[in-house]
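Below is the file query.cif, which contains mmCIF, N, CA and C atoms.
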data_coords
#
loop_
_atom_site.group_PDB
_atom_site.id
_atom_site.type_symbol
_atom_site.label_atom_id
_atom_site.label_comp_id
_atom_site.auth_asym_id
_atom_site.auth_seq_id
_atom_site.Cartn_x
_atom_site.Cartn_y
_atom_site.Cartn_z
ATOM 1 N N MET A 1 43.405 -72.674 -88.051
ATOM 2 C CA MET A 1 42.519 -73.032 -86.972
ATOM 3 C C MET A 1 41.441 -71.955 -86.851
ATOM 4 N N ALA A 2 40.191 -72.357 -86.824
ATOM 5 C CA ALA A 2 39.081 -71.422 -86.668
ATOM 6 C C ALA A 2 38.784 -71.259 -85.182
ATOM 7 N N ILE A 3 38.590 -70.021 -84.766
ATOM 8 C CA ILE A 3 38.291 -69.743 -83.368
ATOM 9 C C ILE A 3 37.237 -68.651 -83.319
ATOM 10 N N ARG A 4 36.288 -68.794 -82.391
ATOM 11 C CA ARG A 4 35.244 -67.794 -82.215
ATOM 12 C C ARG A 4 35.139 -67.479 -80.729
ATOM 13 N N PRO A 5 35.401 -66.241 -80.347
ATOM 14 C CA PRO A 5 35.279 -65.859 -78.936
ATOM 15 C C PRO A 5 33.829 -65.979 -78.472
ATOM 16 N N LEU A 6 33.646 -66.200 -77.194
ATOM 17 C CA LEU A 6 32.313 -66.325 -76.618
ATOM 18 C C LEU A 6 31.811 -64.987 -76.081
ATOM 19 N N HIS A 7 30.511 -64.809 -76.116
ATOM 20 C CA HIS A 7 29.786 -63.686 -75.529
ATOM 21 C C HIS A 7 30.360 -62.339 -75.958
ATOM 22 N N ASP A 8 30.832 -61.515 -75.006
ATOM 23 C CA ASP A 8 31.282 -60.152 -75.330
ATOM 24 C C ASP A 8 32.797 -60.062 -75.461
ATOM 25 N N ARG A 9 33.421 -61.129 -75.911
ATOM 26 C CA ARG A 9 34.876 -61.126 -76.078
ATOM 27 C C ARG A 9 35.257 -60.988 -77.552
ATOM 28 N N VAL A 10 36.455 -60.448 -77.771
ATOM 29 C CA VAL A 10 36.983 -60.283 -79.126
ATOM 30 C C VAL A 10 38.389 -60.864 -79.184
ATOM 31 N N LEU A 11 38.794 -61.300 -80.367
ATOM 32 C CA LEU A 11 40.148 -61.785 -80.621
ATOM 33 C C LEU A 11 40.871 -60.691 -81.386
ATOM 34 N N VAL A 12 42.004 -60.233 -80.840
ATOM 35 C CA VAL A 12 42.712 -59.080 -81.390
ATOM 36 C C VAL A 12 44.136 -59.466 -81.762
ATOM 37 N N GLU A 13 44.562 -59.010 -82.942
ATOM 38 C CA GLU A 13 45.955 -59.155 -83.352
ATOM 39 C C GLU A 13 46.639 -57.817 -83.078
ATOM 40 N N PRO A 14 47.552 -57.764 -82.082
ATOM 41 C CA PRO A 14 48.237 -56.495 -81.793
ATOM 42 C C PRO A 14 49.081 -56.052 -82.985
ATOM 43 N N LEU A 15 49.041 -54.761 -83.269
ATOM 44 C CA LEU A 15 49.885 -54.218 -84.329
ATOM 45 C C LEU A 15 51.281 -54.029 -83.767
ATOM 46 N N THR A 16 52.282 -54.208 -84.590
ATOM 47 C CA THR A 16 53.660 -54.164 -84.111
ATOM 48 C C THR A 16 54.028 -52.769 -83.623
ATOM 49 N N ALA A 17 54.836 -52.741 -82.581
ATOM 50 C CA ALA A 17 55.307 -51.475 -82.016
ATOM 51 C C ALA A 17 56.374 -50.878 -82.928
ATOM 52 N N GLU A 18 56.506 -49.583 -82.862
ATOM 53 C CA GLU A 18 57.534 -48.902 -83.642
ATOM 54 C C GLU A 18 58.923 -49.382 -83.225
ATOM 55 N N GLU A 19 59.771 -49.660 -84.196
ATOM 56 C CA GLU A 19 61.120 -50.117 -83.901
ATOM 57 C C GLU A 19 62.141 -48.990 -83.984
ATOM 58 N N LYS A 20 61.682 -47.814 -84.460
ATOM 59 C CA LYS A 20 62.560 -46.649 -84.557
ATOM 60 C C LYS A 20 61.835 -45.438 -83.993
ATOM 61 N N THR A 21 62.611 -44.523 -83.438
ATOM 62 C CA THR A 21 62.038 -43.257 -82.990
ATOM 63 C C THR A 21 61.916 -42.331 -84.192
ATOM 64 N N ALA A 22 61.285 -41.189 -83.995
ATOM 65 C CA ALA A 22 61.142 -40.221 -85.077
ATOM 66 C C ALA A 22 62.510 -39.749 -85.572
ATOM 67 N N GLY A 23 63.509 -39.744 -84.679
ATOM 68 C CA GLY A 23 64.854 -39.319 -85.045
ATOM 69 C C GLY A 23 65.683 -40.415 -85.707
ATOM 70 N N GLY A 24 65.133 -41.640 -85.802
ATOM 71 C CA GLY A 24 65.824 -42.726 -86.470
ATOM 72 C C GLY A 24 66.583 -43.667 -85.549
ATOM 73 N N ILE A 25 66.460 -43.491 -84.238
ATOM 74 C CA ILE A 25 67.145 -44.368 -83.287
ATOM 75 C C ILE A 25 66.380 -45.685 -83.192
ATOM 76 N N ILE A 26 67.081 -46.804 -83.330
ATOM 77 C CA ILE A 26 66.459 -48.122 -83.267
ATOM 78 C C ILE A 26 66.259 -48.509 -81.809
ATOM 79 N N ILE A 27 65.026 -48.940 -81.479
ATOM 80 C CA ILE A 27 64.672 -49.329 -80.116
ATOM 81 C C ILE A 27 64.801 -50.843 -79.998
ATOM 82 N N PRO A 28 65.604 -51.351 -79.046
ATOM 83 C CA PRO A 28 65.718 -52.806 -78.889
ATOM 84 C C PRO A 28 64.408 -53.416 -78.380
ATOM 85 N N ASP A 29 64.186 -54.703 -78.653
ATOM 86 C CA ASP A 29 62.957 -55.388 -78.257
ATOM 87 C C ASP A 29 62.655 -55.241 -76.771
ATOM 88 N N THR A 30 63.682 -55.308 -75.931
ATOM 89 C CA THR A 30 63.471 -55.258 -74.483
ATOM 90 C C THR A 30 62.982 -53.894 -74.007
ATOM 91 N N ALA A 31 63.202 -52.838 -74.772
ATOM 92 C CA ALA A 31 62.813 -51.490 -74.363
ATOM 93 C C ALA A 31 61.531 -51.010 -75.051
ATOM 94 N N GLN A 32 60.984 -51.811 -75.959
ATOM 95 C CA GLN A 32 59.786 -51.387 -76.679
ATOM 96 C C GLN A 32 58.556 -51.450 -75.786
ATOM 97 N N GLU A 33 57.668 -50.501 -75.989
ATOM 98 C CA GLU A 33 56.393 -50.465 -75.280
ATOM 99 C C GLU A 33 55.485 -51.567 -75.815
ATOM 100 N N LYS A 34 54.590 -52.062 -74.942
ATOM 101 C CA LYS A 34 53.570 -52.997 -75.408
ATOM 102 C C LYS A 34 52.645 -52.247 -76.346
ATOM 103 N N PRO A 35 52.260 -52.860 -77.467
ATOM 104 C CA PRO A 35 51.349 -52.148 -78.371
ATOM 105 C C PRO A 35 49.985 -51.952 -77.717
ATOM 106 N N GLN A 36 49.330 -50.855 -78.068
ATOM 107 C CA GLN A 36 48.001 -50.569 -77.564
ATOM 108 C C GLN A 36 47.019 -50.425 -78.723
ATOM 109 N N GLU A 37 47.451 -50.881 -79.878
ATOM 110 C CA GLU A 37 46.657 -50.770 -81.086
ATOM 111 C C GLU A 37 46.587 -52.155 -81.712
ATOM 112 N N GLY A 38 45.429 -52.511 -82.247
ATOM 113 C CA GLY A 38 45.293 -53.831 -82.834
ATOM 114 C C GLY A 38 44.164 -53.904 -83.833
ATOM 115 N N LYS A 39 44.063 -55.078 -84.448
ATOM 116 C CA LYS A 39 43.024 -55.341 -85.448
ATOM 117 C C LYS A 39 42.180 -56.508 -84.946
ATOM 118 N N ILE A 40 40.872 -56.361 -85.007
ATOM 119 C CA ILE A 40 39.976 -57.416 -84.540
ATOM 120 C C ILE A 40 39.917 -58.533 -85.573
ATOM 121 N N ILE A 41 40.203 -59.759 -85.115
ATOM 122 C CA ILE A 41 40.211 -60.941 -85.967
ATOM 123 C C ILE A 41 38.866 -61.665 -85.909
ATOM 124 N N ALA A 42 38.243 -61.706 -84.729
ATOM 125 C CA ALA A 42 36.958 -62.383 -84.552
ATOM 126 C C ALA A 42 36.224 -61.772 -83.367
ATOM 127 N N VAL A 43 34.887 -61.837 -83.408
ATOM 128 C CA VAL A 43 34.064 -61.312 -82.312
ATOM 129 C C VAL A 43 33.058 -62.359 -81.859
ATOM 130 N N GLY A 44 32.665 -62.270 -80.606
ATOM 131 C CA GLY A 44 31.630 -63.144 -80.078
ATOM 132 C C GLY A 44 30.249 -62.635 -80.470
ATOM 133 N N ASN A 45 29.209 -63.310 -79.983
ATOM 134 C CA ASN A 45 27.833 -62.929 -80.321
ATOM 135 C C ASN A 45 27.350 -61.714 -79.561
ATOM 136 N N GLY A 46 27.926 -61.422 -78.407
ATOM 137 C CA GLY A 46 27.518 -60.286 -77.594
ATOM 138 C C GLY A 46 27.172 -60.720 -76.186
ATOM 139 N N ALA A 47 27.106 -59.757 -75.295
ATOM 140 C CA ALA A 47 26.814 -60.038 -73.887
ATOM 141 C C ALA A 47 25.333 -60.373 -73.711
ATOM 142 N N ARG A 48 25.063 -61.196 -72.720
ATOM 143 C CA ARG A 48 23.667 -61.529 -72.395
ATOM 144 C C ARG A 48 23.163 -60.571 -71.328
ATOM 145 N N ASN A 49 21.974 -60.032 -71.548
ATOM 146 C CA ASN A 49 21.323 -59.166 -70.562
ATOM 147 C C ASN A 49 20.661 -60.022 -69.494
ATOM 148 N N ASP A 50 20.170 -59.386 -68.439
ATOM 149 C CA ASP A 50 19.506 -60.101 -67.343
ATOM 150 C C ASP A 50 18.276 -60.875 -67.814
ATOM 151 N N ASP A 51 17.618 -60.369 -68.852
ATOM 152 C CA ASP A 51 16.419 -61.047 -69.351
ATOM 153 C C ASP A 51 16.736 -62.146 -70.371
ATOM 154 N N GLY A 52 18.024 -62.391 -70.632
ATOM 155 C CA GLY A 52 18.434 -63.471 -71.526
ATOM 156 C C GLY A 52 18.648 -63.070 -72.971
ATOM 157 N N THR A 53 18.331 -61.824 -73.320
ATOM 158 C CA THR A 53 18.557 -61.375 -74.697
ATOM 159 C C THR A 53 20.033 -61.038 -74.898
ATOM 160 N N THR A 54 20.467 -61.075 -76.137
ATOM 161 C CA THR A 54 21.859 -60.783 -76.463
ATOM 162 C C THR A 54 21.980 -59.343 -76.927
ATOM 163 N N GLN A 55 22.940 -58.632 -76.351
ATOM 164 C CA GLN A 55 23.220 -57.249 -76.750
ATOM 165 C C GLN A 55 24.265 -57.283 -77.855
ATOM 166 N N ALA A 56 23.970 -56.658 -78.981
ATOM 167 C CA ALA A 56 24.874 -56.673 -80.130
ATOM 168 C C ALA A 56 26.197 -55.979 -79.795
ATOM 169 N N MET A 57 27.261 -56.438 -80.442
ATOM 170 C CA MET A 57 28.594 -55.857 -80.250
ATOM 171 C C MET A 57 28.712 -54.551 -81.041
ATOM 172 N N ASP A 58 29.487 -53.592 -80.519
ATOM 173 C CA ASP A 58 29.735 -52.321 -81.206
ATOM 174 C C ASP A 58 30.896 -52.422 -82.181
ATOM 175 N N VAL A 59 31.689 -53.484 -82.079
ATOM 176 C CA VAL A 59 32.841 -53.665 -82.955
ATOM 177 C C VAL A 59 32.587 -54.851 -83.877
ATOM 178 N N LYS A 60 33.347 -54.901 -84.972
ATOM 179 C CA LYS A 60 33.200 -56.004 -85.912
ATOM 180 C C LYS A 60 34.578 -56.445 -86.406
ATOM 181 N N LYS A 61 34.620 -57.588 -87.037
ATOM 182 C CA LYS A 61 35.863 -58.125 -87.587
ATOM 183 C C LYS A 61 36.458 -57.112 -88.555
ATOM 184 N N GLY A 62 37.770 -56.881 -88.429
ATOM 185 C CA GLY A 62 38.469 -55.953 -89.305
ATOM 186 C C GLY A 62 38.646 -54.562 -88.723
ATOM 187 N N ASP A 63 37.922 -54.223 -87.654
ATOM 188 C CA ASP A 63 38.072 -52.904 -87.029
ATOM 189 C C ASP A 63 39.469 -52.750 -86.446
ATOM 190 N N LYS A 64 40.024 -51.555 -86.562
ATOM 191 C CA LYS A 64 41.305 -51.215 -85.943
ATOM 192 C C LYS A 64 40.962 -50.494 -84.643
ATOM 193 N N ILE A 65 41.536 -50.949 -83.529
ATOM 194 C CA ILE A 65 41.115 -50.456 -82.213
ATOM 195 C C ILE A 65 42.287 -49.996 -81.356
ATOM 196 N N LEU A 66 41.955 -49.244 -80.298
ATOM 197 C CA LEU A 66 42.888 -48.899 -79.232
ATOM 198 C C LEU A 66 42.392 -49.578 -77.968
ATOM 199 N N TYR A 67 43.317 -50.146 -77.187
ATOM 200 C CA TYR A 67 42.940 -50.820 -75.950
ATOM 201 C C TYR A 67 43.955 -50.488 -74.872
ATOM 202 N N GLY A 68 43.617 -50.804 -73.619
ATOM 203 C CA GLY A 68 44.502 -50.524 -72.495
ATOM 204 C C GLY A 68 45.789 -51.322 -72.573
ATOM 205 N N LYS A 69 46.844 -50.768 -71.998
ATOM 206 C CA LYS A 69 48.170 -51.389 -72.073
ATOM 207 C C LYS A 69 48.196 -52.810 -71.514
ATOM 208 N N TRP A 70 47.449 -53.090 -70.465
ATOM 209 C CA TRP A 70 47.488 -54.412 -69.838
ATOM 210 C C TRP A 70 46.180 -55.169 -70.049
ATOM 211 N N SER A 71 45.443 -54.831 -71.090
ATOM 212 C CA SER A 71 44.156 -55.469 -71.369
ATOM 213 C C SER A 71 44.332 -56.841 -72.007
ATOM 214 N N GLY A 72 43.377 -57.711 -71.746
ATOM 215 C CA GLY A 72 43.298 -58.990 -72.440
ATOM 216 C C GLY A 72 44.219 -60.070 -71.905
ATOM 217 N N THR A 73 44.034 -61.255 -72.463
ATOM 218 C CA THR A 73 44.837 -62.429 -72.144
ATOM 219 C C THR A 73 45.596 -62.836 -73.393
ATOM 220 N N GLU A 74 46.905 -62.984 -73.261
ATOM 221 C CA GLU A 74 47.730 -63.348 -74.408
ATOM 222 C C GLU A 74 47.572 -64.826 -74.718
ATOM 223 N N VAL A 75 47.382 -65.140 -76.004
ATOM 224 C CA VAL A 75 47.313 -66.524 -76.480
ATOM 225 C C VAL A 75 48.155 -66.639 -77.741
ATOM 226 N N LYS A 76 48.602 -67.845 -78.035
ATOM 227 C CA LYS A 76 49.389 -68.075 -79.242
ATOM 228 C C LYS A 76 48.618 -69.102 -80.077
ATOM 229 N N LEU A 77 48.197 -68.710 -81.282
ATOM 230 C CA LEU A 77 47.473 -69.589 -82.185
ATOM 231 C C LEU A 77 48.146 -69.574 -83.548
ATOM 232 N N ASP A 78 48.428 -70.753 -84.063
ATOM 233 C CA ASP A 78 49.081 -70.887 -85.373
ATOM 234 C C ASP A 78 50.345 -70.033 -85.472
ATOM 235 N N GLY A 79 51.094 -69.940 -84.377
ATOM 236 C CA GLY A 79 52.347 -69.192 -84.371
ATOM 237 C C GLY A 79 52.192 -67.690 -84.239
ATOM 238 N N LYS A 80 50.982 -67.192 -84.090
ATOM 239 C CA LYS A 80 50.746 -65.752 -83.945
ATOM 240 C C LYS A 80 50.426 -65.433 -82.493
ATOM 241 N N ASP A 81 50.945 -64.314 -82.001
ATOM 242 C CA ASP A 81 50.603 -63.829 -80.667
ATOM 243 C C ASP A 81 49.335 -62.992 -80.789
ATOM 244 N N LEU A 82 48.278 -63.412 -80.096
ATOM 245 C CA LEU A 82 46.993 -62.733 -80.145
ATOM 246 C C LEU A 82 46.515 -62.411 -78.739
ATOM 247 N N LEU A 83 45.473 -61.598 -78.640
ATOM 248 C CA LEU A 83 44.862 -61.248 -77.358
ATOM 249 C C LEU A 83 43.372 -61.573 -77.411
ATOM 250 N N ILE A 84 42.851 -62.116 -76.316
ATOM 251 C CA ILE A 84 41.412 -62.257 -76.148
ATOM 252 C C ILE A 84 41.031 -61.293 -75.042
ATOM 253 N N MET A 85 40.083 -60.397 -75.344
ATOM 254 C CA MET A 85 39.679 -59.397 -74.357
ATOM 255 C C MET A 85 38.191 -59.144 -74.427
ATOM 256 N N LYS A 86 37.664 -58.564 -73.361
ATOM 257 C CA LYS A 86 36.253 -58.170 -73.338
ATOM 258 C C LYS A 86 36.080 -56.909 -74.168
ATOM 259 N N GLU A 87 34.906 -56.753 -74.707
ATOM 260 C CA GLU A 87 34.606 -55.560 -75.498
ATOM 261 C C GLU A 87 34.783 -54.299 -74.651
ATOM 262 N N SER A 88 34.530 -54.375 -73.361
ATOM 263 C CA SER A 88 34.654 -53.210 -72.486
ATOM 264 C C SER A 88 36.106 -52.751 -72.312
ATOM 265 N N ASP A 89 37.100 -53.615 -72.645
ATOM 266 C CA ASP A 89 38.508 -53.223 -72.577
ATOM 267 C C ASP A 89 38.928 -52.353 -73.762
ATOM 268 N N ILE A 90 38.097 -52.310 -74.790
ATOM 269 C CA ILE A 90 38.395 -51.509 -75.983
ATOM 270 C C ILE A 90 38.025 -50.059 -75.702
ATOM 271 N N MET A 91 38.987 -49.157 -75.941
ATOM 272 C CA MET A 91 38.750 -47.742 -75.650
ATOM 273 C C MET A 91 38.230 -46.973 -76.853
ATOM 274 N N ALA A 92 38.635 -47.388 -78.086
ATOM 275 C CA ALA A 92 38.209 -46.628 -79.264
ATOM 276 C C ALA A 92 38.396 -47.458 -80.523
ATOM 277 N N ILE A 93 37.626 -47.102 -81.546
ATOM 278 C CA ILE A 93 37.778 -47.664 -82.882
ATOM 279 C C ILE A 93 38.455 -46.598 -83.730
ATOM 280 N N ILE A 94 39.489 -46.969 -84.446
ATOM 281 C CA ILE A 94 40.222 -46.024 -85.301
ATOM 282 C C ILE A 94 39.606 -46.070 -86.685
ATOM 283 N N ASP A 95 39.150 -44.904 -87.180
ATOM 284 C CA ASP A 95 38.543 -44.830 -88.533
ATOM 285 C C ASP A 95 39.589 -44.614 -89.576
#
As structure tokens, please, write out the structure in this file.
Amino acid sequence: MAIRPLHDRVLVEPLTAEEKTAGGIIIPDTAQEKPQEGKIIAVGNGARNDDGTTQAMDVKKGDKILYGKWSGTEVKLDGKDLLIMKESDIMAIID
């Protein structure tokens, strides 16, 4: 299924949380933290300014990002758990 976010929104695939601690202890699903790292799957065209022009996005498809713990709206597409969020919810791009 093809999907394209509107305006200044991005579609993010959260990266899986660590299932083991550094010491090798396995963390059960119920105790795992929500991931705060993801990969951008699709981006919108950008936000509209007051004069009607479109402001280009700072992120692009394929970027690895950090976002807030409770950012975005969870959606399920083609069996995958994804997030749709505003570009302003993204805190950093990981190089």
| task | List, as JSON, numbers by chain, every residue that the PyMOL selection byres ((chain A and resi 68-79) around 6.5) selects in the file provided. | result | {"A": [34, 35, 36, 66, 67, 80, 81, 82, 83, 84, 85, 86, 89, 90, 91]}
| task | Please indicate the distance in Å from atom N of Arg48 in chain A to CA of Val10 in chain A, rounded to one decimal place. | result |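 These two atoms are separated by 13.6 Å.
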| request: Evaluate the PyMOL selection byres ((chain A and resi 11) around 8) here and jot the selected residues down as a list in words. | output: Ile3, Arg4, Pro5, Leu6, Asp8, Arg9, Val10, Val12, Glu13, Pro14, Gly38, Lys39, Ile40, Ile41, Ala42, Val43, Gly44, Leu82, Leu83, Ile84, Met85 and Lys86 of chain A
| task | Using CA of Ile93 in chain A and CA of Asp50 in chain A as the two end points, give the distance in Å to one decimal. | result |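 Separating CA of Ile93 in chain A from CA of Asp50 in chain A is a distance of 27.0 Å.
Note on the selection: in this file the PyMOL selection byres ((chain A and resi 57) around 6.5) comes out as Asn45, Gly46, Ala47, Gln55, Ala56, Asp58, Val59 and Lys60 of chain A.
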| request: Go through A:Ser88, A:Thr16, A:Asn49, A:Thr54 and flag the residue nearest Glu37 in chain A, using only C-alpha atoms for the distances. | output: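 When distances to Glu37 in chain A are compared using only C-alpha atoms, the smallest one comes from A:Thr16.
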| query | What is the CA of His7 in chain A to atom N of Asp95 in chain A distance in Å? | reply |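 We find that CA of His7 in chain A and atom N of Asp95 in chain A lie 24.0 Å from each other.
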| Among chain A, which residues carry a DSSP assignment of strand (DSSP E), reported as a PyMOL selection string? | chain A and resi 9-14+37-43+47-48+54-55+64-67+73-77+80-86+90-94
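On the backbone of this structure, DSSP gives helix (DSSP H, G or I) within chain A to A:Asp29, A:Thr30, A:Ala31, A:Glu87, A:Ser88, A:Asp89.
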